[in-house]
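Enquirer: You'll find my_file_23.csv just under this line, and it carries CSV, C-alpha atoms.
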```csv
chain,number,residue,atom,x,y,z
A,740,MET,CA,-26.9,19.4,47.6
A,741,THR,CA,-23.7,17.5,47.8
A,742,ALA,CA,-20.2,18.6,46.9
A,743,THR,CA,-19.4,15.3,45.3
A,744,VAL,CA,-21.3,16.2,42.2
A,745,GLU,CA,-19.1,19.1,41.3
A,746,THR,CA,-15.8,17.5,42.3
A,747,ALA,CA,-16.4,14.0,40.9
A,748,PRO,CA,-13.9,13.4,38.2
A,749,PRO,CA,-15.2,12.6,34.7
A,750,ALA,CA,-15.4,9.1,33.4
A,751,GLY,CA,-12.0,7.7,32.7
A,752,SER,CA,-10.2,10.3,34.8
A,753,ARG,CA,-7.5,9.5,37.3
A,754,GLY,CA,-8.2,12.6,39.4
A,755,PRO,CA,-7.0,16.2,39.4
A,756,VAL,CA,-4.3,17.3,37.0
A,757,PRO,CA,-0.9,16.5,38.5
A,758,PRO,CA,1.8,19.2,38.7
A,759,ALA,CA,3.9,19.5,35.6
A,760,PRO,CA,7.2,17.6,36.1
A,761,GLU,CA,10.4,19.5,36.3
A,762,GLY,CA,12.0,20.1,32.9
A,763,SER,CA,8.8,19.7,31.0
A,764,THR,CA,7.7,21.9,28.2
A,765,THR,CA,4.1,22.4,27.1
A,766,VAL,CA,3.3,20.9,23.7
A,767,THR,CA,0.1,21.1,21.7
A,768,VAL,CA,-1.4,17.7,20.8
A,769,ARG,CA,-3.8,18.0,17.9
A,770,ILE,CA,-6.0,14.9,17.7
A,771,ARG,CA,-8.4,14.0,15.0
A,772,ARG,CA,-11.6,13.0,16.8
A,773,PHE,CA,-14.7,11.3,15.6
A,774,ASN,CA,-17.6,10.1,17.7
A,775,PRO,CA,-20.1,8.2,15.5
A,776,GLU,CA,-22.9,9.0,17.9
A,777,LEU,CA,-22.4,12.8,17.8
A,778,ASP,CA,-20.3,13.8,14.8
A,779,SER,CA,-21.1,13.6,11.1
A,780,GLU,CA,-17.6,14.6,10.2
A,781,PRO,CA,-14.3,14.1,12.0
A,782,ARG,CA,-13.0,17.2,13.9
A,783,TRP,CA,-9.7,18.3,15.3
A,784,ASP,CA,-9.2,18.9,19.1
A,785,SER,CA,-6.2,20.5,20.6
A,786,PHE,CA,-4.8,19.9,24.1
A,787,GLU,CA,-2.0,21.6,25.9
A,788,VAL,CA,0.1,18.8,27.6
A,789,PRO,CA,3.3,19.2,29.7
A,790,ALA,CA,5.9,16.8,28.1
A,791,LEU,CA,9.3,15.7,29.0
A,792,PRO,CA,11.7,15.1,26.1
A,793,THR,CA,11.9,11.4,27.2
A,794,ASP,CA,8.1,11.0,27.1
A,795,ARG,CA,6.5,9.0,24.4
A,796,VAL,CA,3.5,10.2,22.4
A,797,LEU,CA,1.5,7.5,24.2
A,798,ASN,CA,2.2,9.3,27.5
A,799,LEU,CA,0.7,12.5,26.0
A,800,LEU,CA,-2.4,10.6,25.0
A,801,HIS,CA,-2.6,9.0,28.4
A,802,TYR,CA,-2.4,12.5,29.9
A,803,VAL,CA,-5.2,13.7,27.7
A,804,LYS,CA,-7.4,10.7,28.5
A,805,TRP,CA,-6.7,10.7,32.3
A,806,TYR,CA,-6.7,14.3,33.1
A,807,LEU,CA,-8.2,16.4,30.3
A,808,ASP,CA,-10.8,14.4,28.3
A,809,GLY,CA,-11.8,10.9,29.3
A,810,THR,CA,-13.7,10.3,26.1
A,811,LEU,CA,-10.6,10.1,24.0
A,812,THR,CA,-10.5,6.6,22.6
A,813,PHE,CA,-7.4,4.7,21.4
A,814,ARG,CA,-6.0,1.2,21.6
A,815,ARG,CA,-2.9,0.3,23.5
A,816,SER,CA,-2.0,-2.8,25.3
A,817,CYS,CA,1.7,-3.5,26.2
A,818,ALA,CA,2.8,0.1,25.6
A,819,HIS,CA,6.3,-1.2,24.8
A,820,GLY,CA,6.3,-1.8,21.1
A,821,ILE,CA,5.6,-5.5,21.2
A,822,CYS,CA,1.8,-5.9,20.8
A,823,GLY,CA,1.3,-3.4,18.0
A,824,SER,CA,-2.0,-2.0,19.3
A,825,ASP,CA,-1.3,1.7,19.1
A,826,ALA,CA,-0.4,2.2,15.5
A,827,MET,CA,-1.4,5.8,14.5
A,828,ARG,CA,-0.6,8.6,12.2
A,829,ILE,CA,1.8,10.9,14.1
A,830,ASN,CA,2.8,14.1,12.3
A,831,GLY,CA,1.6,12.5,9.1
A,832,VAL,CA,3.5,9.2,9.3
A,833,ASN,CA,2.4,5.9,10.7
A,834,ARG,CA,4.2,5.1,13.9
A,835,LEU,CA,3.5,3.2,17.2
A,836,ALA,CA,2.7,5.9,19.8
A,837,CYS,CA,4.7,3.9,22.4
A,838,LYS,CA,7.9,4.1,20.3
A,839,VAL,CA,8.0,7.8,19.3
A,840,LEU,CA,9.8,10.1,21.8
A,841,VAL,CA,8.7,13.7,22.3
A,842,LYS,CA,12.3,14.9,21.8
A,843,ASP,CA,12.3,13.7,18.2
A,844,LEU,CA,9.1,15.7,17.5
A,845,MET,CA,10.2,19.0,19.2
A,846,SER,CA,10.5,21.9,16.9
A,847,GLY,CA,13.8,23.6,17.3
A,848,GLY,CA,14.6,27.2,18.1
A,849,GLY,CA,12.3,27.6,21.0
A,850,LYS,CA,9.2,27.5,18.8
A,851,ALA,CA,6.0,26.0,20.1
A,852,THR,CA,5.6,22.3,19.3
A,853,THR,CA,2.5,20.8,17.8
A,854,ILE,CA,2.1,17.1,17.5
A,855,THR,CA,-0.8,15.9,15.3
A,856,VAL,CA,-2.3,12.4,15.9
A,857,GLU,CA,-4.7,10.7,13.6
A,858,ALA,CA,-6.2,7.3,13.1
A,859,ILE,CA,-4.4,5.1,10.6
A,860,LYS,CA,-5.8,5.6,7.1
A,861,GLY,CA,-7.6,3.2,4.9
A,862,LEU,CA,-9.6,1.4,7.6
A,863,PRO,CA,-13.0,2.5,8.8
A,864,VAL,CA,-12.8,4.7,11.9
A,865,HIS,CA,-14.9,3.5,14.8
A,866,LYS,CA,-14.1,6.3,17.2
A,867,ASP,CA,-11.3,8.8,17.5
A,868,LEU,CA,-8.1,6.7,17.0
A,869,LEU,CA,-9.8,3.4,17.0
A,870,VAL,CA,-10.3,1.7,13.6
A,871,ASP,CA,-12.0,-1.5,12.5
A,872,MET,CA,-9.0,-3.9,11.9
A,873,GLU,CA,-11.2,-6.6,10.3
A,874,PRO,CA,-10.4,-5.8,6.6
A,875,PHE,CA,-6.7,-5.9,7.6
A,876,PHE,CA,-7.0,-9.3,9.3
A,877,GLU,CA,-9.2,-10.6,6.6
A,878,ALA,CA,-6.4,-10.0,4.1
A,879,PHE,CA,-4.0,-11.6,6.6
A,880,ARG,CA,-6.0,-14.8,6.9
A,881,ALA,CA,-6.5,-15.0,3.1
A,882,VAL,CA,-2.7,-15.7,2.6
A,883,LYS,CA,-3.0,-18.7,4.9
A,884,PRO,CA,-0.4,-17.6,7.4
A,885,TYR,CA,0.2,-21.0,9.0
A,886,LEU,CA,2.5,-24.0,8.4
A,887,MET,CA,1.2,-26.2,5.7
A,888,THR,CA,2.6,-29.7,5.3
A,889,THR,CA,1.8,-33.0,3.8
A,890,GLY,CA,2.4,-36.6,5.0
A,891,ASN,CA,2.7,-37.8,8.5
A,892,GLU,CA,3.7,-35.6,11.4
A,893,PRO,CA,7.3,-36.1,12.3
A,894,THR,CA,8.0,-37.5,15.7
A,895,ARG,CA,10.9,-35.0,16.2
A,896,GLU,CA,11.0,-31.3,15.5
A,897,ARG,CA,11.2,-30.2,11.9
A,898,VAL,CA,14.9,-29.5,11.5
A,899,GLN,CA,16.1,-26.5,9.5
A,900,SER,CA,19.5,-25.2,8.7
A,901,GLN,CA,20.6,-21.8,9.9
A,902,ALA,CA,20.8,-20.6,6.3
A,903,ASP,CA,17.2,-21.8,5.6
A,904,ARG,CA,16.0,-20.0,8.8
A,905,ALA,CA,17.8,-16.8,7.9
A,906,ARG,CA,16.0,-16.8,4.5
A,907,PHE,CA,12.8,-15.5,6.1
A,908,ASP,CA,14.1,-14.1,9.3
A,909,ASP,CA,13.2,-10.5,8.5
A,910,THR,CA,9.5,-11.2,8.0
A,911,THR,CA,9.1,-13.2,11.2
A,912,LYS,CA,9.4,-9.9,13.1
A,913,CYS,CA,5.9,-8.7,12.0
A,914,ILE,CA,3.6,-7.7,14.9
A,915,LEU,CA,0.5,-7.0,12.7
A,916,CYS,CA,0.2,-3.4,13.9
A,917,ALA,CA,-1.0,-2.3,10.4
A,918,CYS,CA,1.4,0.6,10.1
A,919,CYS,CA,2.7,-0.7,6.7
A,920,THR,CA,-0.7,-1.6,5.2
A,921,THR,CA,-2.3,1.7,6.2
A,922,SER,CA,0.7,3.7,4.9
A,923,CYS,CA,0.3,2.3,1.4
A,924,PRO,CA,-1.3,4.7,-1.2
A,925,VAL,CA,-2.7,1.7,-3.2
A,926,TYR,CA,-4.4,0.4,-0.1
A,927,TRP,CA,-5.9,3.8,0.7
A,928,SER,CA,-7.6,4.0,-2.7
A,929,GLU,CA,-8.3,0.3,-3.2
A,930,GLY,CA,-9.0,-1.7,-0.1
A,931,SER,CA,-9.1,-5.0,-2.0
A,932,TYR,CA,-5.3,-5.0,-2.3
A,933,PHE,CA,-3.9,-7.5,0.1
A,934,GLY,CA,-1.5,-4.9,1.5
A,935,PRO,CA,2.1,-5.1,2.7
A,936,ALA,CA,1.4,-6.9,6.0
A,937,ALA,CA,-0.4,-9.8,4.4
A,938,ILE,CA,2.4,-10.2,1.8
A,939,VAL,CA,5.0,-10.0,4.6
A,940,ASN,CA,3.3,-12.8,6.4
A,941,ALA,CA,2.9,-14.8,3.2
A,942,HIS,CA,6.6,-14.3,2.6
A,943,ARG,CA,7.4,-15.7,6.1
A,944,PHE,CA,5.9,-19.1,5.1
A,945,ILE,CA,6.7,-19.1,1.3
A,946,PHE,CA,10.4,-19.0,2.0
A,947,ASP,CA,10.3,-21.4,5.0
A,948,SER,CA,12.0,-24.6,3.9
A,949,ARG,CA,9.6,-26.6,6.3
A,950,ASP,CA,6.5,-25.3,4.6
A,951,GLU,CA,4.9,-26.9,1.6
A,952,GLY,CA,2.2,-24.3,0.8
A,953,ALA,CA,4.3,-21.9,-1.2
A,954,GLU,CA,2.7,-22.7,-4.5
A,955,GLU,CA,-0.8,-22.0,-3.1
A,956,ARG,CA,0.2,-18.8,-1.5
A,957,LEU,CA,2.0,-17.6,-4.6
A,958,ASP,CA,-1.1,-18.3,-6.6
A,959,ILE,CA,-3.1,-16.2,-4.2
A,960,LEU,CA,-0.6,-13.3,-4.5
A,961,ASN,CA,-0.4,-13.6,-8.3
A,962,ASP,CA,-4.0,-12.3,-8.6
A,963,VAL,CA,-5.1,-8.8,-9.5
A,964,ASP,CA,-5.2,-7.8,-5.8
A,965,GLY,CA,-1.8,-9.3,-5.1
A,966,VAL,CA,1.8,-8.3,-5.3
A,967,TRP,CA,1.6,-6.8,-8.8
A,968,ARG,CA,-0.4,-3.9,-7.2
A,969,CYS,CA,2.7,-2.8,-5.4
A,970,ARG,CA,4.2,0.4,-6.8
A,971,THR,CA,7.3,0.3,-4.6
A,972,THR,CA,6.7,3.6,-2.9
A,973,PHE,CA,8.6,2.3,0.2
A,974,ASN,CA,6.0,3.9,2.5
A,975,CYS,CA,5.6,0.5,4.2
A,976,THR,CA,9.3,0.0,4.8
A,977,ASP,CA,9.5,3.5,6.3
A,978,ALA,CA,6.5,2.9,8.5
A,979,CYS,CA,7.4,-0.5,9.9
A,980,PRO,CA,8.2,-0.1,13.7
A,981,ARG,CA,10.1,-3.4,13.6
A,982,GLY,CA,12.4,-2.3,10.8
A,983,ILE,CA,11.2,-5.0,8.4
A,984,GLN,CA,12.3,-4.4,4.8
A,985,VAL,CA,8.7,-4.7,3.7
A,986,THR,CA,9.2,-3.5,0.1
A,987,LYS,CA,12.1,-5.9,-0.3
A,988,ALA,CA,9.9,-8.8,0.9
A,989,ILE,CA,7.2,-7.9,-1.6
A,990,GLN,CA,9.9,-7.8,-4.4
A,991,GLU,CA,11.1,-11.2,-3.4
A,992,VAL,CA,7.6,-12.6,-3.7
A,993,LYS,CA,7.4,-11.0,-7.2
A,994,ARG,CA,10.7,-12.6,-8.1
A,995,ALA,CA,9.6,-16.0,-6.8
A,996,LEU,CA,6.5,-15.6,-9.0
A,997,LEU,CA,8.5,-14.5,-12.0
A,998,PHE,CA,10.9,-17.4,-11.9
A,999,ARG,CA,8.7,-19.9,-10.1
A,1000,ARG,CA,11.6,-20.6,-7.8
A,1001,VAL,CA,11.5,-20.1,-4.0
B,1144,MET,CA,-29.6,3.8,33.9
B,1145,SER,CA,-28.8,2.0,30.8
B,1146,THR,CA,-29.0,3.6,27.5
B,1147,THR,CA,-29.4,1.6,24.3
B,1148,VAL,CA,-27.6,2.9,21.2
B,1149,ASP,CA,-27.9,1.5,17.8
B,1150,SER,CA,-24.4,0.4,17.4
B,1151,PRO,CA,-22.8,1.3,14.1
B,1152,LEU,CA,-20.1,-1.2,14.9
B,1153,GLU,CA,-21.4,-4.3,13.1
B,1154,LEU,CA,-19.4,-7.4,13.1
B,1155,ALA,CA,-21.6,-9.9,11.4
B,1156,ALA,CA,-19.8,-13.2,10.7
B,1157,PRO,CA,-16.3,-11.6,11.1
B,1158,ARG,CA,-14.4,-14.6,10.0
B,1159,SER,CA,-16.3,-15.4,6.8
B,1160,PRO,CA,-14.0,-14.8,3.8
B,1161,GLN,CA,-15.1,-11.9,1.5
B,1162,ARG,CA,-12.4,-12.5,-1.1
B,1163,ARG,CA,-12.9,-14.2,-4.4
B,1164,PRO,CA,-10.8,-17.4,-4.6
B,1165,ALA,CA,-7.6,-16.8,-6.5
B,1166,ARG,CA,-7.7,-17.4,-10.2
B,1167,ARG,CA,-4.9,-19.4,-11.8
B,1168,GLY,CA,-3.7,-17.0,-14.3
B,1169,ASN,CA,-0.5,-15.1,-15.0
B,1170,PHE,CA,-2.0,-12.0,-16.7
B,1171,GLU,CA,-0.9,-9.6,-14.0
B,1172,LEU,CA,2.5,-11.1,-13.9
B,1173,TYR,CA,2.9,-10.8,-17.7
B,1174,ALA,CA,1.5,-7.3,-17.6
B,1175,TRP,CA,4.0,-6.3,-15.0
B,1176,LEU,CA,6.9,-7.9,-16.9
B,1177,PHE,CA,5.7,-6.2,-20.2
B,1178,MET,CA,5.8,-2.8,-18.5
B,1179,ARG,CA,9.5,-3.3,-17.6
B,1180,LEU,CA,10.6,-4.7,-20.9
B,1181,SER,CA,8.6,-2.3,-23.1
B,1182,GLY,CA,9.8,0.6,-20.9
B,1183,LEU,CA,13.5,-0.4,-21.7
B,1184,ALA,CA,12.7,-0.8,-25.4
B,1185,LEU,CA,10.9,2.5,-25.5
B,1186,LEU,CA,13.8,4.3,-23.9
B,1187,VAL,CA,15.9,3.5,-27.0
B,1188,LEU,CA,13.1,3.9,-29.6
B,1189,VAL,CA,11.6,7.1,-28.3
B,1190,LEU,CA,14.9,8.9,-27.5
B,1191,GLY,CA,16.2,7.8,-30.9
B,1192,HIS,CA,13.1,9.0,-32.6
B,1193,LEU,CA,13.3,12.4,-30.8
B,1194,PHE,CA,16.9,12.8,-31.7
B,1195,ILE,CA,16.4,12.1,-35.4
B,1196,MET,CA,13.3,14.3,-35.6
B,1197,ASN,CA,14.3,17.2,-33.4
B,1198,ILE,CA,18.1,17.5,-33.3
B,1199,LEU,CA,19.8,15.8,-36.2
B,1200,ASP,CA,20.4,17.8,-39.4
B,1201,GLY,CA,18.4,20.9,-38.5
B,1202,GLY,CA,15.7,19.2,-36.6
B,1203,VAL,CA,12.0,19.8,-37.2
B,1204,HIS,CA,12.6,22.4,-39.9
B,1205,ARG,CA,13.6,19.7,-42.5
B,1206,ILE,CA,10.6,17.5,-41.9
B,1207,ASN,CA,8.1,17.5,-44.7
B,1208,PHE,CA,6.3,14.9,-46.8
B,1209,ALA,CA,9.3,13.9,-48.7
B,1210,PHE,CA,11.3,13.3,-45.5
B,1211,VAL,CA,8.6,11.0,-44.1
B,1212,ALA,CA,8.2,9.2,-47.4
B,1213,GLY,CA,12.0,8.7,-47.6
B,1214,ARG,CA,12.2,7.2,-44.2
B,1215,TRP,CA,9.2,4.9,-44.7
B,1216,SER,CA,10.7,3.6,-47.9
B,1217,SER,CA,13.1,1.7,-45.6
B,1218,PRO,CA,11.8,-1.4,-43.8
B,1219,PHE,CA,14.1,-0.6,-40.9
B,1220,TRP,CA,12.3,2.7,-40.1
B,1221,GLN,CA,8.9,1.1,-40.8
B,1222,PHE,CA,9.7,-1.5,-38.2
B,1223,TRP,CA,11.1,1.1,-35.8
B,1224,ASP,CA,7.9,3.2,-36.0
B,1225,LEU,CA,5.7,0.2,-35.9
B,1226,SER,CA,7.3,-1.2,-32.8
B,1227,MET,CA,7.3,2.2,-31.2
B,1228,LEU,CA,3.6,2.6,-31.9
B,1229,TRP,CA,2.6,-0.8,-30.5
B,1230,LEU,CA,4.9,-0.7,-27.5
B,1231,ALA,CA,4.0,2.9,-26.5
B,1232,GLN,CA,0.3,2.2,-27.0
B,1233,LEU,CA,0.2,-1.0,-25.0
B,1234,HIS,CA,2.6,0.4,-22.4
B,1235,GLY,CA,0.4,3.5,-21.9
B,1236,ALA,CA,-2.8,1.5,-22.0
B,1237,ASN,CA,-1.6,-0.9,-19.3
B,1238,GLY,CA,-0.4,2.0,-17.2
B,1239,LEU,CA,-3.8,3.7,-17.4
B,1240,ARG,CA,-5.4,0.4,-16.7
B,1241,THR,CA,-3.6,0.1,-13.4
B,1242,VAL,CA,-4.4,3.8,-12.6
B,1243,ILE,CA,-8.1,3.1,-13.3
B,1244,ASN,CA,-7.9,-0.1,-11.2
B,1245,ASP,CA,-6.3,1.9,-8.3
B,1246,TYR,CA,-8.6,4.9,-8.4
B,1247,ALA,CA,-12.0,4.1,-9.7
B,1248,ARG,CA,-14.3,3.6,-6.8
B,1249,LYS,CA,-17.3,2.0,-8.4
B,1250,ASP,CA,-17.2,-1.2,-10.4
B,1251,ALA,CA,-19.4,0.4,-13.2
B,1252,THR,CA,-17.0,3.4,-13.4
B,1253,ARG,CA,-14.1,1.1,-13.6
B,1254,PHE,CA,-15.7,-1.0,-16.3
B,1255,TRP,CA,-16.7,1.9,-18.6
B,1256,LEU,CA,-13.4,3.7,-18.2
B,1257,LYS,CA,-11.5,0.6,-19.1
B,1258,MET,CA,-13.8,0.0,-22.1
B,1259,LEU,CA,-13.1,3.5,-23.3
B,1260,LEU,CA,-9.4,2.9,-22.8
B,1261,TYR,CA,-9.4,-0.4,-24.7
B,1262,THR,CA,-11.4,1.1,-27.6
B,1263,ALA,CA,-9.1,4.0,-27.9
B,1264,THR,CA,-6.1,1.8,-27.8
B,1265,VAL,CA,-7.3,-0.6,-30.4
B,1266,LEU,CA,-8.4,2.3,-32.7
B,1267,ILE,CA,-5.1,4.1,-32.5
B,1268,ILE,CA,-3.0,0.9,-33.0
B,1269,ALA,CA,-5.1,-0.2,-35.9
B,1270,LEU,CA,-5.0,3.3,-37.6
B,1271,GLY,CA,-1.3,3.7,-37.0
B,1272,SER,CA,-0.4,0.2,-38.3
B,1273,PHE,CA,-2.7,0.7,-41.3
B,1274,VAL,CA,-0.8,4.0,-42.2
B,1275,ILE,CA,2.6,2.5,-41.8
B,1276,PHE,CA,1.8,-0.6,-43.9
B,1277,THR,CA,-0.1,1.0,-46.7
B,1278,PHE,CA,1.8,4.3,-46.9
B,1279,SER,CA,2.6,5.1,-50.5
B,1280,PRO,CA,4.9,8.0,-51.5
B,1281,ASP,CA,2.9,8.5,-54.6
B,1282,VAL,CA,-0.2,9.7,-52.7
B,1283,GLY,CA,1.1,13.3,-52.6
B,1284,SER,CA,1.9,13.6,-56.3
```
Could you express the structure from this file as C-alpha cells?
Expert:
Amino acid sequence: MTATVETAPPAGSRGPVPPAPEGSTTVTVRIRRFNPELDSEPRWDSFEVPALPTDRVLNLLHYVKWYLDGTLTFRRSCAHGICGSDAMRINGVNRLACKVLVKDLMSGGGKATTITVEAIKGLPVHKDLLVDMEPFFEAFRAVKPYLMTTGNEPTRERVQSQADRARFDDTTKCILCACCTTSCPVYWSEGSYFGPAAIVNAHRFIFDSRDEGAEERLDILNDVDGVWRCRTTFNCTDACPRGIQVTKAIQEVKRALLFRRV
Amino acid sequence: MSTTVDSPLELAAPRSPQRRPARRGNFELYAWLFMRLSGLALLVLVLGHLFIMNILDGGVHRINFAFVAGRWSSPFWQFWDLSMLWLAQLHGANGLRTVINDYARKDATRFWLKMLLYTATVLIIALGSFVIFTFSPDVGS
C-alpha cells in the first residue's frame, strides 16, 4: 500500500487548494456541463470559489479546473482579450471570460453571488464550454475574407488615403471569437444564416478601396441566408468584446446592396 | 493503458464548402424594401381606416350596408380599400414567410407551411379584390 495513491492530485490539478487570498469573497460558479461520453443531457454543476473583485471570470474557471474538478473543459489561449478563444455565455450574455471582472458581477447588499457560465449558443457542444467552431468558420470562409485584386501585382505597397482606411476601420477589429454570431436569435434557430461575424469580415473588404471583390461578396450576402435575415436586434453589437458596431456594419452592407454603391 | 473511444467529434473534410453558391437575384432585397415601404403606406391607410370606421361621426354604430355602399360608390375609397387589402396581405404574408424561414426546422415543414401561407394569401387577395371591383349597391334591395 502506498500513500501516493490517495494523495495524488487528479488529472489537470495543480495540487492542493491554495489558501483564499485576503479580501476575497466566496462566489458560486454555476457551470453548464456536458460530457458526450457520459451524459445524454447537459447538467449544471456548482462550485464555491474564493474570488477577488479584480479577478476575471477566467480566473474562477482556472480555479475550478486546477483545484476542484480537472475535467472541466474550456478554451482559452492568450487570456487577455486578444485571441478570442474563451467566448462564453456569462450570466446570460456572450462575453470573453478573460474580460469580465468579478466586481461587475457581484450582487449588491451582501447577498451571495452566483455566476452562471454556459457554452455559446447555436454551435454544437463538444464538451462543457467547448463548442465546434467549424460552422462559424465555414460561414466566415464563404464571404471570401481576403484581398481580391485584378491585374499585375504593384511593385510598391497599395496606397490608401486615411479617409479610405477609416471607412472600414471598425470592422478590422474583429477577433473571430463568435460572441456576436452566437448571440443572434436568427442564428440560433437557423444555422444557415451567415451570422454577424461573417458579415463584419465581408464588410472589412467590401469597403476597402484596395479590394476589387466587393460585387462578388455583395452577391453572396444578397442571398436568402445573407444580410436580409438580420432583424436588427443589436444582440451582436452588445456582445462584441471589441466594441465593433456590428449591427451598423450589417446595415451598411444592406445599404450598399440597396443602392449598389460602396 | 490506452482506451479507445468512439469519438463523436467528427471532422470529415472540414474545409469543404457546404453552402450553395450564391444565386444572382434580388428577391430578398426587394422583399426587404417592400416591407419598409408598405409598412409606411399601411400606417396611413390603416390608421385612416380605423379613424373613419371607429371614431368619426359616431364610429361603428353608423356602419351598415348603406354606409359601405356609399363609400364604395367612390373610386377613391375603392382604391383606398384595394391598396390596403393588397399591401396588408403581402406585408403580412412576407412577414410570416420570414418567420417560417427562421423557425421551421425541417425543409418539408418549411415547404408545406409556405404553401399553406401562399394559398391563403392568394385566396384572400382574390376574394377581396373580387368584392371591391364587383360590389353593387343594388344587391341588397
Enquirer: Mind listing whatever residues come within 12 Å of the point (10.5, 1.3, -23.9)? Use all atoms listed in the file, file coordinates, and give them as a list in words.
Expert: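 Applying the cut-off with all atoms listed in the file, one gets Phe1177, Met1178, Arg1179, Leu1180, Ser1181, Gly1182, Leu1183, Ala1184, Leu1185, Leu1186, Val1187, Leu1188, Val1189, Leu1190, Gly1191, His1192, Trp1223, Ser1226, Met1227, Leu1228, Trp1229, Leu1230, Ala1231, Gln1232, Leu1233, His1234 and Gly1235 of chain B.
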Enquirer: Taking (-20.5, 11.6, 16.1) in the coordinates of the supplied file, I want to know which residues reach to within 12 Å of it, counting all atoms listed in the file; could you give the answer as a PyMOL selection string?
Expert: (chain A and resi 772-782+864-867) or (chain B and resi 1150-1151)
Enquirer: Could you tell me how far CA of Ala826 (chain A) sits from CA of Pro760 (chain A), in Å to one decimal place?
Expert: 26.8 Å
Enquirer: Between CA of Phe1276 (chain B) and CA of Arg1240 (chain B), what distance in Å does the model show, to one decimal?
Expert: 28.2 Å
Enquirer: Find, counting only C-alpha atoms, the residue in B:Asp1250, B:Asp1224, B:Glu1171, B:Asp1281 that gets nearest to chain A.
Expert: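 Between B:Asp1250, B:Asp1224, B:Glu1171, B:Asp1281, the residue approaching chain A most closely is B:Glu1171.
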Enquirer: Counting all atoms listed in the file, collect the residues of chain A whose closest atom lies at most 10 Å from chain B, and write them out as a PyMOL selection string.
Expert: chain A and resi 775-776+864-866+871+873-874+876-878+880-881+924-933+955-968+993+996-997
Enquirer: If I take CA of Pro792 (chain A) and CA of Leu840 (chain A), how far is one from the other in Å, to one decimal?
Expert: 6.9 Å
Enquirer: Give me the residues near Glu991 (chain A) as a PDB file with C-alpha atoms, in the coordinates of the input, where near means some atom within 12 Å (using all atoms listed in the file) and where sequence neighbours in that chain fewer than 5 positions away do not count.
Expert:
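Resulting contents of selection38.pdb:
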```pdb
ATOM      1  CA  ARG A 906      16.000 -16.800   4.500  1.00  0.00           C
ATOM      2  CA  PHE A 907      12.800 -15.500   6.100  1.00  0.00           C
ATOM      3  CA  THR A 910       9.500 -11.200   8.000  1.00  0.00           C
ATOM      4  CA  ILE A 938       2.400 -10.200   1.800  1.00  0.00           C
ATOM      5  CA  VAL A 939       5.000 -10.000   4.600  1.00  0.00           C
ATOM      6  CA  ALA A 941       2.900 -14.800   3.200  1.00  0.00           C
ATOM      7  CA  HIS A 942       6.600 -14.300   2.600  1.00  0.00           C
ATOM      8  CA  ARG A 943       7.400 -15.700   6.100  1.00  0.00           C
ATOM      9  CA  ILE A 945       6.700 -19.100   1.300  1.00  0.00           C
ATOM     10  CA  PHE A 946      10.400 -19.000   2.000  1.00  0.00           C
ATOM     11  CA  LEU A 957       2.000 -17.600  -4.600  1.00  0.00           C
ATOM     12  CA  LEU A 960      -0.600 -13.300  -4.500  1.00  0.00           C
ATOM     13  CA  VAL A 966       1.800  -8.300  -5.300  1.00  0.00           C
ATOM     14  CA  TRP A 967       1.600  -6.800  -8.800  1.00  0.00           C
ATOM     15  CA  GLN A 984      12.300  -4.400   4.800  1.00  0.00           C
ATOM     16  CA  VAL A 985       8.700  -4.700   3.700  1.00  0.00           C
ATOM     17  CA  THR A 986       9.200  -3.500   0.100  1.00  0.00           C
ATOM     18  CA  LEU A 996       6.500 -15.600  -9.000  1.00  0.00           C
ATOM     19  CA  LEU A 997       8.500 -14.500 -12.000  1.00  0.00           C
ATOM     20  CA  PHE A 998      10.900 -17.400 -11.900  1.00  0.00           C
ATOM     21  CA  ARG A 999       8.700 -19.900 -10.100  1.00  0.00           C
ATOM     22  CA  ARG A1000      11.600 -20.600  -7.800  1.00  0.00           C
ATOM     23  CA  VAL A1001      11.500 -20.100  -4.000  1.00  0.00           C
TER      24      VAL A1001
END
```
Enquirer: From the options B:Leu1225, B:Leu1199, B:Ile1243, B:Val1274, which residue's atoms come nearest to Lys1257 (chain B), counting all atoms listed in the file?
Expert: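 The shortest atom-to-atom distance to Lys1257 (chain B) comes from B:Ile1243.
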Enquirer: Find the spatial neighbours of Gly831 (chain A), counting all atoms listed in the file, within a cut-off of 10 Å - ignore same-chain residues fewer than 2 positions away - and output them as number ranges by chain.
Expert: A: 827-829, 833-834, 854-857, 859, 922
Enquirer: Which residue, A:Leu791, A:Cys916, A:Arg970, A:Thr921, has the smallest gap to Pro863 (chain A) when you use all atoms listed in the file?
Expert: A:Thr921
Enquirer: Using all atoms listed in the file, which of the listed residues (A:Arg895, A:Lys912, A:Arg814, A:Arg981) sits closest to Leu868 (chain A)?
Expert: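 Distance minimum relative to Leu868 (chain A) lands on A:Arg814.
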